[in-house]
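Asks: The structure that follows is given in the form of structure tokens.
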Amino acid sequence: MWASASVDQLRALTEELGSPVFVLQVHPDHSLRMLCVNSRFEILAGSSLTSLAGRSPQHALPAPAGQTLAERGRLCVITGQRVEYEQRLELQGGTRWWHMTLSPIRDPAGRIGRLLGTATDMTEQRRADARVRESEARYRRLVNGLRDAIFEADIQGGLLFVNPAWTEVTGVTAEDSLQRALSDFVWREDRERFRAMLQPLLRDERNRVRGEYRLVQRDGGTRWVDFLAQVDRDPEGRPTGITGTLRDVTEQRETRAALEENAALMELFFTQSLDGLFFMMLDQPVRWDDGVDKERVLDYVFAHQRMTRVNDALLRQYGLPEEALLGMTPADFFVHDPGEGRRVWREFFDKGRLHVSTEERRADGEPIWIEGDYICIRESEGRIAGHFGVQREVTDQVLAERQLRASERRLRLVADNLPALISHVGADLRFQYNNRMYRDWLGLEPEQLVGQPVSTVSRYVDRPLEPCYQRALNGERLTFEVTGHFGGADRYLQVTYVPDLGETGEVEGFYSLSVDITDRRNREVYLERQAVEDGLTGLLNRRGFMDRLEHALARSKRLGQALALLFLDLDDFKRVNDELGHDAGDQLIRTLAQRLQALVRETDSVARLAGDEFVILLEGLQGGEADAVVVARKVLAELSRPVSLGDATVEVSGSVGISLAEGGEPDPQALLREADAAMYRAKRDGKGRWFSSAR
């Protein structure tokens with residue numbers, strides 16, 4: 001019928017069908033043309049029925065659907081077999097999917113002259129399938145993301161599926177777990193109990209079972225799990241399998257065991273504690289926030305919060321029997337001062353905890369001092385249900401602290417009146433105590449220095465003290481001297497650091513004592529100078545010069561450098577004293593001393609041996625005697641310059657003797673005698689001359 005029917009007949013036949021139907025005419029070259037379509041085909045083509053007749057598939061349907069139809073149609077003609085495929089079409093109504101079927105229509109001779117095509121709209125089915133796949137994917141993602149192990153098993157308990165967490169919990173991979181029985185993973189001592197729990201589920205006597213069991217691990221250990229399983233059923237209610245979870249509860253069980261142990265320890269602590277412990281609970285919990293009338297709440301608390309439990313230590317503190325304390329309310333404790341009691345309770349409830357020290361009395365009237373910590377006990381909704389208290393009797397400590405404070409006051413009085421800087425420095429190098437001298441000497445308030453780094457004061461001295469701090473913190477007692485500017489003047493201080501050793505022997509800081517030794521140091525310096533300096537000129541005296549010469553000779557030998565002595569004696573100095581007086585003579589000596597000192601290098605030394613005798617030490621001479629002669633001539637030239645002595649002006653001359661040491665080991669006295677002898681030789685030759693012993 002389909003092979004011989006006319007176009008009108010075909011159209012009439014296709015209109016009876018409820019989905020898009022079309023007939024393609026097959027030409028000898030296997031090209032295809034639309035022969036007829038039903039009205040529903042307009043959904044596919046997006047064109048009117050009349051405009052489609054005679055068109056090729058490529059022009060009948062939107063690209064690329066038309067090209068695909070032509071290709072699949074030729075395939076159907078060539079193979080003679082029905083062809084099915086799915087086609088996506090973008091139409092004005094959106095994207096839709098169609099299931100396309102092409103069936104060959106043969107004439108009586110068996111030739112394929114036409115193709116019958118049908119299109120079934122699969123859009124909703126595909127969407128439904130996509131939703132199912134997405135739902136399954138979400139389920140898998142959810143299951144795979146859970147920390148609990150998820151499994152699916154058949155009705156006999158053989159595993160069919162496990163999520164990744166299964167391996168974490170059991171220690172067995174998914175591949176090694178599938179098709180094994182659930183009981184295989186249970187530790188042998190729990191296996192019979194596990195099977196007994198599972199049997200009602202397998203016999204369909206229960207829908208759900210639960211229990212805690214130990215799983216055996218690869219390392220031979222065990223892990224506790226909370227096992228939960230339920231029966232899966234088909235739409236008719238028949239059991240099809242088992243689904244369940246394994247949750248690792250090893251830590252929870254350990255926590256429960258620890259809590260039970262802690263509860264036992266707490267009970268032991270409560271009964272055996274040396275501190276007084278008690279619970280004071282309310283008949284009914286109370287709110288304590290800005291939304292309640294707190295005065296009315298306190299009225300209730302003072303009548304309905306009662307002492308419910310006390311330990312023996314608390315009874316010993318007060319010297320009372322248990323029945324005397326149990327049942328007591330805040331009103332009972334503050335019967336002597338209800339207002340103070342309400343103030344304390346208000347502060348306590350506002351803060352949630354309280355630390356107080358109080359002076360109380362035992363039952364026999366003896367005074368005691370109590371240090372207490374009190375903590376509010378709240379229920380889950382935040383209301384106050386009562387409080388817990390810890391009370392320590394600190395009578396001995398209080399009395400000892402009073403004695404210690406009295407001793408500290410006496411010591412502070414002594415320290416504040418000593419003429420020294422006294423302080424205590426902690427291990428963190430911060431001041432913990434400073435006496436009053438810090439104010440008198442440095443203008444720093446002792447109270448403000450406490451907690452400040454010790455470097456706050458070290459900047460007043462002339463040397464870094466950090467190495468000394470570390471030595472003291474290492475346990476070394478040390479004494480040293482520093483100079484600094486204190487109290488508006490330069491001072492010498494003798495500083496002593498004494499390590500502060502704690503009870504365990506560890507250094508907890510150090511004590512610092514700084515005594516002003518300026519007067520003593522100045523006296524020492526004066527005496528030292530008197531011993532080596534000439535009192536009239538400030539130059540080295542004979543003793544100081546001979547010490548300097550001895551060291552210079554040692555350096556000369558070590559470095560292989562020459563040195564020279566210039567022995568100078570003024571000519572006719574006695575005439576100045578006789579004519580102008582000894583004061584004028586002293587002034588002449590001082591002036592010439594200054595000139596000589598200015599004439600030589602810093603490395604050279606000038607000394608006055610006695611009267612009008614001077615000696616110059618020249619070190620590091622590169623030119624030997626020649627360098628010494630140059631200096632001698634400068635000295636004679638400087639001596640020849642007039643000197644003003646008050647109203648008089650005098651001219652003097654001198655004689656210079658030179659002795660030379662060139663790396664040998666001469667005796668200092670011998671070298672000086674050589675220079676002295678050379679000087680007298682110069683005098684014999686005439687005034688204002690020099691002579692060298694090396695000639």
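To be explicit about the labels: the chains of the structure tokens are called A, B, and onward in the order shown, and within each one the residues are counted from 1, while ligands get numbers from 1 in the order they are shown.
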Got a sec: who's within 6 Å of segment 467-483 of chain A, counting only C-alpha atoms, leaving out chain neighbours fewer than 5 positions off, as a PyMOL selection string?
Replies: chain A and resi 461-462+491-499
Asks: Please list as a compact mmCIF listing (two decimals) with C-alpha atoms, in the first residue's frame every residue within 9 Å of Ala552 of chain A, counting only C-alpha atoms and excluding residues in the same chain fewer than 4 positions away.
Replies:
```txt
# COMPACT_ATOMS: atom_id res chain seq x y z
CA ASP A 547 108.95 53.95 82.20
CA ARG A 548 108.00 55.38 78.81
CA SER A 556 111.92 49.52 68.84
CA LYS A 557 113.48 46.09 69.14
CA LEU A 563 114.66 55.83 68.33
CA LEU A 617 112.01 60.76 73.05
CA GLU A 619 110.25 56.92 68.11
```
Asks: Excluding Phe573 of chain A and residues on its chain fewer than 2 positions from it, collect all residues at most 10 Å away from it, counting only C-alpha atoms, and give them as a list in words.
Replies: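 In the requested format, the answer is Asp569, Leu570, Asp571, Arg575, Val576, Asn577, Asp578, Gly585, Leu588, Ile589, Gly611, Asp612, Val652, Ser653 and Gly654 of chain A.
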Asks: Can you list, as a PyMOL selection string, every protein, DNA or RNA residue that comes within 12 Å of Arg412 of chain A when you count only C-alpha atoms, leaving out same-chain residues fewer than 2 positions away?
Replies: chain A and resi 404-410+414-418+422-423+433-437+446
Asks: Those same residues - N, CA and C atoms - I'd like them written as a CSV table (one decimal), in the first residue's frame.
Replies:
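To be explicit, this is the file written out as part.csv:
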```csv
chain,number,residue,atom,x,y,z
A,404,LEU,N,56.4,39.9,105.4
A,404,LEU,CA,57.3,40.2,104.3
A,404,LEU,C,57.2,41.7,103.9
A,405,ARG,N,55.9,42.2,103.8
A,405,ARG,CA,55.8,43.6,103.4
A,405,ARG,C,56.4,44.5,104.4
A,406,ALA,N,56.3,44.2,105.7
A,406,ALA,CA,57.0,45.0,106.7
A,406,ALA,C,58.5,45.0,106.5
A,407,SER,N,59.0,43.8,106.2
A,407,SER,CA,60.4,43.7,106.0
A,407,SER,C,60.8,44.5,104.7
A,408,GLU,N,60.0,44.4,103.7
A,408,GLU,CA,60.3,45.1,102.5
A,408,GLU,C,60.3,46.6,102.7
A,409,ARG,N,59.3,47.1,103.5
A,409,ARG,CA,59.3,48.5,103.8
A,409,ARG,C,60.6,49.0,104.5
A,410,ARG,N,61.0,48.2,105.4
A,410,ARG,CA,62.3,48.5,106.1
A,410,ARG,C,63.5,48.5,105.1
A,414,VAL,N,65.9,51.7,103.8
A,414,VAL,CA,67.4,51.6,103.9
A,414,VAL,C,67.9,51.9,102.5
A,415,ALA,N,67.4,51.2,101.5
A,415,ALA,CA,67.9,51.3,100.1
A,415,ALA,C,67.7,52.7,99.6
A,416,ASP,N,66.5,53.4,99.9
A,416,ASP,CA,66.2,54.7,99.4
A,416,ASP,C,67.2,55.7,100.0
A,417,ASN,N,67.8,55.4,101.1
A,417,ASN,CA,68.6,56.4,101.7
A,417,ASN,C,70.1,56.1,101.6
A,418,LEU,N,70.5,55.1,100.9
A,418,LEU,CA,71.9,54.8,100.6
A,418,LEU,C,72.3,55.6,99.4
A,422,ILE,N,70.4,51.4,93.3
A,422,ILE,CA,70.1,50.0,93.6
A,422,ILE,C,68.8,49.6,92.8
A,423,SER,N,68.9,48.4,92.2
A,423,SER,CA,67.8,48.0,91.4
A,423,SER,C,67.8,46.5,91.3
A,433,TYR,N,62.6,46.7,90.3
A,433,TYR,CA,62.7,47.6,91.5
A,433,TYR,C,63.8,48.6,91.2
A,434,ASN,N,63.5,49.9,91.6
A,434,ASN,CA,64.6,50.9,91.6
A,434,ASN,C,64.4,51.8,92.9
A,435,ASN,N,65.6,52.1,93.5
A,435,ASN,CA,65.5,53.0,94.7
A,435,ASN,C,65.4,54.4,94.3
A,436,ARG,N,65.2,55.3,95.3
A,436,ARG,CA,65.0,56.7,95.2
A,436,ARG,C,66.1,57.4,94.5
A,437,MET,N,67.4,56.9,94.6
A,437,MET,CA,68.5,57.6,94.0
A,437,MET,C,68.4,57.7,92.5
A,446,PRO,N,61.3,56.2,90.2
A,446,PRO,CA,61.4,54.7,90.3
A,446,PRO,C,60.2,53.9,89.9
```
Asks: Give me, as a PyMOL selection string, the residues of segment 168-300 of chain A that a backbone DSSP run labels alpha helix (DSSP H).
Replies: chain A and resi 168-170+174-177+188-202+250-272+294-300
Asks: Would you compute the distance between atom CA of Arg191 of chain A and atom CA of Pro164 of chain A? Give it in Å to one decimal.
Replies: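 Computing the Euclidean distance for atom CA of Arg191 of chain A and atom CA of Pro164 of chain A yields 23.8 Å.
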